[in-house]
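Peer 1: Below you'll find the structure I mean.
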Amino acid sequence: MLQAAIIDLDGTLVDTLGDFSAALAGTLAELGWPAVPKETIEGFIGKGTEHLLRTTLAHVGAPASLYEPAWDAYHRIYPTINGRHSQVYPGVAEGVAQLRAAGLRLACLTNKPTEFARELLRAKGLAGAFELVFGGDAFERKKPDPLPLLKTCAALGTLPAQTLMVGDSSNDAAAARAAGCPVVLVTYGYNHGRPVREVDANGYVDSLVDVLKVL
Ligand SMILES: O=C(O)COP(=O)(O)O
Ligand SMILES: [Mg+2]
């Protein structure tokens, strides 16, 4: 019997590729490097900001010494564009409402920095649904490590086996499997550019409204 659901943010609740693209374009422009196409950035999303910045700098051929200035510029620029180039996926508001109506407690767990995540959920009218919001800077390790899921279960006071993970990528699935949480993956997210059905999970859904049906 499920007690709670932990839901990923980027690629699961909100299509944030436009935000990432705008923040990275601004960051690269400040450092004197060209922007990277959205389709390329899509493959870099999901493993947190460090990974995103390092892979983007490597992609344009910039030296690794630009990592710190890039980090500073990105963290200054992102809050100015957060939510402006992103859209809540179809079915999310209804799906989240259904999970709550089924008696599940909800937490949002993302590799995005916690402050960016809270602000985005607020801007998109989703903040009220989540009891807890944890970002990639909340714990010592990020997804795909199981630690963030185990800590979120502990904060909810629920057992991992009774806490469903809903995400869009192999990161979410690997973290869930290692933590002992059941996992459902959405088919419309990023998953590092790979077909999500290749990833081991308990089910796959085209919309959050179908999550409880596939279990
Ligand atoms: O990589 C990120 O910053 C966000 O990724 P997530 O919300 O899918 O965990
Ligand atoms: Mg995601």
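Starting from 1 in every chain, residues are counted up; chains themselves are A, B, ... following the order of the structure tokens, and ligands are numbered from 1 as listed.
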Taking only C-alpha atoms and all ligand atoms into account, which residues have an atom no farther than 7 Å from ligand 1? I'd like them as a VMD selection string.
Peer 2: chain A and resid 8 to 11 45 to 49 52 109 to 113 168
Peer 1: Identify, counting only C-alpha atoms and all ligand atoms, the protein, DNA and RNA residues located within 12 Å of ligand 2, and give them as a PyMOL selection string.
Peer 2: chain A and resi 6-17+42-48+108-112+117+135-136+143-144+165-173+185-193+196
Peer 1: Go ahead and write the selection's residues with N, CA and C atoms as a tab-separated table (two decimals), in the first residue's frame.
Peer 2:
```
chain	number	residue	atom	x	y	z
A	6	ILE	N	7.42	10.48	-4.44
A	6	ILE	CA	8.50	11.45	-4.59
A	6	ILE	C	8.59	11.74	-6.09
A	7	ILE	N	8.43	12.98	-6.48
A	7	ILE	CA	8.34	13.31	-7.90
A	7	ILE	C	9.52	14.21	-8.32
A	8	ASP	N	10.15	13.82	-9.41
A	8	ASP	CA	11.24	14.59	-10.02
A	8	ASP	C	10.67	15.89	-10.63
A	9	LEU	N	11.51	16.86	-10.89
A	9	LEU	CA	11.03	18.14	-11.42
A	9	LEU	C	11.30	18.31	-12.92
A	10	ASP	N	12.56	18.51	-13.29
A	10	ASP	CA	12.90	18.77	-14.70
A	10	ASP	C	12.63	17.54	-15.56
A	11	GLY	N	11.81	17.69	-16.58
A	11	GLY	CA	11.51	16.56	-17.47
A	11	GLY	C	10.35	15.71	-16.99
A	12	THR	N	9.87	15.96	-15.76
A	12	THR	CA	8.75	15.17	-15.22
A	12	THR	C	7.54	16.08	-14.95
A	13	LEU	N	7.76	17.15	-14.17
A	13	LEU	CA	6.68	18.10	-13.88
A	13	LEU	C	6.70	19.25	-14.89
A	14	VAL	N	7.91	19.76	-15.15
A	14	VAL	CA	8.03	20.96	-16.00
A	14	VAL	C	9.07	20.73	-17.10
A	15	ASP	N	8.72	21.17	-18.31
A	15	ASP	CA	9.66	21.13	-19.44
A	15	ASP	C	10.52	22.40	-19.33
A	16	THR	N	11.70	22.24	-18.75
A	16	THR	CA	12.58	23.38	-18.44
A	16	THR	C	13.72	23.54	-19.43
A	17	LEU	N	13.67	22.81	-20.54
A	17	LEU	CA	14.78	22.90	-21.49
A	17	LEU	C	15.02	24.35	-21.93
A	42	GLU	N	19.70	19.14	-23.99
A	42	GLU	CA	18.73	18.16	-23.48
A	42	GLU	C	19.43	16.92	-22.93
A	43	GLY	N	20.49	16.50	-23.59
A	43	GLY	CA	21.21	15.30	-23.15
A	43	GLY	C	22.05	15.51	-21.90
A	44	PHE	N	22.25	16.79	-21.52
A	44	PHE	CA	23.10	17.10	-20.36
A	44	PHE	C	22.28	17.30	-19.07
A	45	ILE	N	20.94	17.36	-19.20
A	45	ILE	CA	20.07	17.66	-18.05
A	45	ILE	C	19.81	16.42	-17.20
A	46	GLY	N	19.73	16.62	-15.90
A	46	GLY	CA	19.28	15.53	-15.01
A	46	GLY	C	20.31	15.10	-13.99
A	47	LYS	N	21.56	15.53	-14.18
A	47	LYS	CA	22.60	15.12	-13.22
A	47	LYS	C	23.10	16.29	-12.40
A	48	GLY	N	22.32	17.38	-12.37
A	48	GLY	CA	22.68	18.52	-11.55
A	48	GLY	C	23.49	19.57	-12.30
A	108	CYS	N	8.88	16.70	-3.70
A	108	CYS	CA	9.56	16.92	-4.98
A	108	CYS	C	11.05	16.75	-4.73
A	109	LEU	N	11.70	15.90	-5.50
A	109	LEU	CA	13.13	15.66	-5.34
A	109	LEU	C	13.81	15.80	-6.70
A	110	THR	N	14.65	16.81	-6.82
A	110	THR	CA	15.29	17.14	-8.09
A	110	THR	C	16.79	17.31	-7.87
A	111	ASN	N	17.56	17.22	-8.96
A	111	ASN	CA	18.98	17.54	-8.86
A	111	ASN	C	19.24	19.03	-9.10
A	112	LYS	N	18.19	19.78	-9.40
A	112	LYS	CA	18.28	21.24	-9.55
A	112	LYS	C	18.53	21.85	-8.16
A	117	ALA	N	14.37	25.26	-7.58
A	117	ALA	CA	13.23	24.34	-7.63
A	117	ALA	C	12.02	24.95	-6.93
A	135	GLY	N	16.48	19.78	-3.35
A	135	GLY	CA	17.25	19.91	-4.59
A	135	GLY	C	18.58	19.17	-4.51
A	136	GLY	N	19.37	19.34	-5.56
A	136	GLY	CA	20.65	18.64	-5.66
A	136	GLY	C	21.67	19.08	-4.64
A	143	LYS	N	20.87	12.09	-6.89
A	143	LYS	CA	20.46	10.98	-7.74
A	143	LYS	C	21.49	10.85	-8.87
A	144	PRO	N	21.96	9.69	-9.33
A	144	PRO	CA	21.39	8.36	-9.14
A	144	PRO	C	21.77	7.66	-7.83
A	165	MET	N	8.65	6.46	-6.54
A	165	MET	CA	9.42	7.49	-7.24
A	165	MET	C	8.83	7.65	-8.63
A	166	VAL	N	8.60	8.90	-9.04
A	166	VAL	CA	8.14	9.19	-10.40
A	166	VAL	C	9.16	10.11	-11.04
A	167	GLY	N	9.75	9.67	-12.13
A	167	GLY	CA	10.79	10.49	-12.76
A	167	GLY	C	10.81	10.32	-14.26
A	168	ASP	N	11.84	10.91	-14.88
A	168	ASP	CA	11.94	10.85	-16.35
A	168	ASP	C	13.24	10.23	-16.83
A	169	SER	N	14.10	9.78	-15.90
A	169	SER	CA	15.40	9.35	-16.40
A	169	SER	C	15.97	8.16	-15.64
A	170	SER	N	17.05	7.61	-16.20
A	170	SER	CA	17.75	6.49	-15.58
A	170	SER	C	18.29	6.87	-14.21
A	171	ASN	N	18.57	8.16	-13.99
A	171	ASN	CA	19.00	8.64	-12.66
A	171	ASN	C	17.97	8.34	-11.60
A	172	ASP	N	16.71	8.70	-11.95
A	172	ASP	CA	15.60	8.51	-11.01
A	172	ASP	C	15.39	7.02	-10.75
A	173	ALA	N	15.44	6.22	-11.83
A	173	ALA	CA	15.19	4.79	-11.71
A	173	ALA	C	16.30	4.10	-10.91
A	185	LEU	N	8.24	5.73	-14.70
A	185	LEU	CA	8.91	6.75	-15.51
A	185	LEU	C	7.95	7.35	-16.53
A	186	VAL	N	8.04	8.66	-16.71
A	186	VAL	CA	7.26	9.33	-17.77
A	186	VAL	C	8.04	9.21	-19.08
A	187	THR	N	7.29	9.14	-20.19
A	187	THR	CA	7.94	8.88	-21.48
A	187	THR	C	8.31	10.17	-22.22
A	188	TYR	N	7.93	11.35	-21.64
A	188	TYR	CA	8.10	12.60	-22.40
A	188	TYR	C	9.30	13.45	-21.95
A	189	GLY	N	10.09	12.94	-21.01
A	189	GLY	CA	11.15	13.79	-20.43
A	189	GLY	C	12.46	13.73	-21.19
A	190	TYR	N	13.58	13.83	-20.47
A	190	TYR	CA	14.88	13.97	-21.13
A	190	TYR	C	15.69	12.66	-21.19
A	191	ASN	N	15.88	11.97	-20.10
A	191	ASN	CA	16.64	10.71	-20.05
A	191	ASN	C	17.93	10.73	-20.87
A	192	HIS	N	18.68	11.81	-20.81
A	192	HIS	CA	20.02	11.87	-21.43
A	192	HIS	C	19.99	11.48	-22.91
A	193	GLY	N	18.84	11.75	-23.56
A	193	GLY	CA	18.74	11.48	-25.00
A	193	GLY	C	18.48	10.01	-25.36
A	196	VAL	N	13.39	6.03	-22.86
A	196	VAL	CA	13.21	5.76	-21.43
A	196	VAL	C	12.74	4.33	-21.18
```
Peer 1: Output as a PyMOL selection string all residues of range 7-44 of chain A that backbone DSSP marks as helix (DSSP H, G or I).
Peer 2: chain A and resi 17-31+38-42
Peer 1: Please produce a file of the residues just selected, as a PDB file, in the first residue's frame, where the atoms kept are C-alpha atoms.
Peer 2:
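Output below, filename again-v6.pdb:
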```
ATOM      1  CA  LEU A  17      14.778  22.901 -21.494  1.00  0.00           C
ATOM      2  CA  GLY A  18      14.092  26.525 -22.518  1.00  0.00           C
ATOM      3  CA  ASP A  19      15.212  27.811 -19.106  1.00  0.00           C
ATOM      4  CA  PHE A  20      18.416  25.746 -19.167  1.00  0.00           C
ATOM      5  CA  SER A  21      19.096  26.890 -22.713  1.00  0.00           C
ATOM      6  CA  ALA A  22      18.564  30.591 -21.887  1.00  0.00           C
ATOM      7  CA  ALA A  23      20.671  30.468 -18.694  1.00  0.00           C
ATOM      8  CA  LEU A  24      23.496  28.618 -20.461  1.00  0.00           C
ATOM      9  CA  ALA A  25      23.395  30.998 -23.460  1.00  0.00           C
ATOM     10  CA  GLY A  26      23.755  33.961 -21.079  1.00  0.00           C
ATOM     11  CA  THR A  27      26.551  32.243 -19.173  1.00  0.00           C
ATOM     12  CA  LEU A  28      28.501  31.307 -22.318  1.00  0.00           C
ATOM     13  CA  ALA A  29      28.029  34.798 -23.809  1.00  0.00           C
ATOM     14  CA  GLU A  30      29.525  36.410 -20.678  1.00  0.00           C
ATOM     15  CA  LEU A  31      32.544  34.141 -20.997  1.00  0.00           C
ATOM     16  CA  LYS A  38      18.787  23.008 -27.189  1.00  0.00           C
ATOM     17  CA  GLU A  39      18.883  19.460 -28.556  1.00  0.00           C
ATOM     18  CA  THR A  40      22.446  19.100 -27.261  1.00  0.00           C
ATOM     19  CA  ILE A  41      21.636  20.601 -23.856  1.00  0.00           C
ATOM     20  CA  GLU A  42      18.730  18.161 -23.483  1.00  0.00           C
TER      21      GLU A  42
END
```
Peer 1: Identify, on the basis of only C-alpha atoms, every residue whose closest approach to range 122-125 of chain A does not exceed 9 Å; exclude the query and any residue fewer than 6 positions from it along the same chain; express the result as a ChimeraX atom specification.
Peer 2: /A:14,82-83,87-88,93
Peer 1: Could you write out the selected residues, including N, CA and C atoms, as a PDB file, in the first residue's frame?
Peer 2:
```
ATOM      1  N   VAL A  14       7.909  19.762 -15.151  1.00  0.00           N
ATOM      2  CA  VAL A  14       8.033  20.959 -15.997  1.00  0.00           C
ATOM      3  C   VAL A  14       9.069  20.726 -17.096  1.00  0.00           C
ATOM      4  N   ASN A  82      14.288  32.016 -14.481  1.00  0.00           N
ATOM      5  CA  ASN A  82      13.643  30.795 -13.963  1.00  0.00           C
ATOM      6  C   ASN A  82      12.136  30.781 -14.241  1.00  0.00           C
ATOM      7  N   GLY A  83      11.677  29.808 -15.018  1.00  0.00           N
ATOM      8  CA  GLY A  83      10.251  29.650 -15.300  1.00  0.00           C
ATOM      9  C   GLY A  83       9.760  30.414 -16.507  1.00  0.00           C
ATOM     10  N   GLN A  87       7.429  25.178 -19.414  1.00  0.00           N
ATOM     11  CA  GLN A  87       5.981  24.901 -19.355  1.00  0.00           C
ATOM     12  C   GLN A  87       5.725  23.641 -18.539  1.00  0.00           C
ATOM     13  N   VAL A  88       4.657  23.696 -17.732  1.00  0.00           N
ATOM     14  CA  VAL A  88       4.199  22.500 -17.022  1.00  0.00           C
ATOM     15  C   VAL A  88       3.680  21.521 -18.079  1.00  0.00           C
ATOM     16  N   ALA A  93      -0.990  18.840 -13.454  1.00  0.00           N
ATOM     17  CA  ALA A  93      -1.849  19.351 -12.382  1.00  0.00           C
ATOM     18  C   ALA A  93      -2.874  18.293 -11.982  1.00  0.00           C
TER      19      ALA A  93
END
```
Peer 1: Expressed in Å to a single decimal, how great is the separation between CA of Pro79 in chain A and CA of Thr114 in chain A?
Peer 2: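 Calculated distance between CA of Pro79 in chain A and CA of Thr114 in chain A is 11.9 Å.
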Peer 1: What is the distance, in Å and to one decimal place, between CA of Ala154 in chain A and CA of Ala107 in chain A?
Peer 2: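 Taking CA of Ala154 in chain A as the start and CA of Ala107 in chain A as the end point, the length is 11.5 Å.
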Peer 1: When you count only C-alpha atoms, which of these residues is closest to Leu156 in chain A: A:Leu106, A:Leu66, A:Leu121, A:Val214?
Peer 2: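 So, comparing all the options, the nearest one is A:Leu106.
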Peer 1: Here is a test: counting only C-alpha atoms, which residue of A:Ala179, A:Ala129, A:Ala73, A:Leu150 is nearest to Arg100 in chain A?
Peer 2: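 Nearest candidate to Arg100 in chain A out of A:Ala179, A:Ala129, A:Ala73, A:Leu150: A:Ala129.
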Peer 1: I'd like the neighbourhood of range 203-208 of chain A as a PyMOL selection string, where a residue qualifies if any of its atoms comes within 8 Å (using only C-alpha atoms), though same-chain residues fewer than 2 positions away should be ignored.
Peer 2: chain A and resi 90-92+94-96+183-188+197+201+210-211+214-215
Peer 1: Under the rule that only C-alpha atoms are counted, which of A:Ala35, A:His85, A:Arg76, A:Gly103 is the nearest residue to Thr56 in chain A?
Peer 2: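 Of the candidates, the smallest distance to Thr56 in chain A is held by A:Ala35.
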Peer 1: Just the residues within 6 Å of Thr163 in chain A, please, counting only C-alpha atoms, with nothing from its chain fewer than 6 positions along; format it as a short mmCIF file (atom, residue, chain, number, x, y, z; two decimals) with N, CA and C atoms, in the first residue's frame.
Peer 2:
```cif
data_model
loop_
_atom_site.label_atom_id
_atom_site.label_comp_id
_atom_site.auth_asym_id
_atom_site.auth_seq_id
_atom_site.Cartn_x
_atom_site.Cartn_y
_atom_site.Cartn_z
N LEU A 2 0.78 2.07 -1.04
CA LEU A 2 1.63 3.27 -1.13
C LEU A 2 1.21 4.32 -0.11
N GLN A 3 2.23 4.96 0.48
CA GLN A 3 1.97 6.04 1.44
C GLN A 3 2.32 7.42 0.89
N ALA A 4 3.28 7.42 -0.05
CA ALA A 4 3.79 8.72 -0.54
C ALA A 4 4.36 8.56 -1.94
N ALA A 5 4.53 9.70 -2.62
CA ALA A 5 5.22 9.70 -3.91
C ALA A 5 6.26 10.81 -3.89
N CYS A 181 12.66 1.73 -3.59
CA CYS A 181 11.37 2.36 -3.90
C CYS A 181 10.86 1.83 -5.24
#
```
Peer 1: Among range 14-181 of chain A, which residues carry a DSSP assignment of strand (DSSP E), reported as a ChimeraX atom specification?
Peer 2: /A:14-15,87-88,105-109,132-134,163-167
Peer 1: Figure out the distance between CA of Val209 in chain A and CA of Leu99 in chain A, please, to one decimal in Å.
Peer 2: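 CA of Val209 in chain A lies at a distance of 8.6 Å from CA of Leu99 in chain A.
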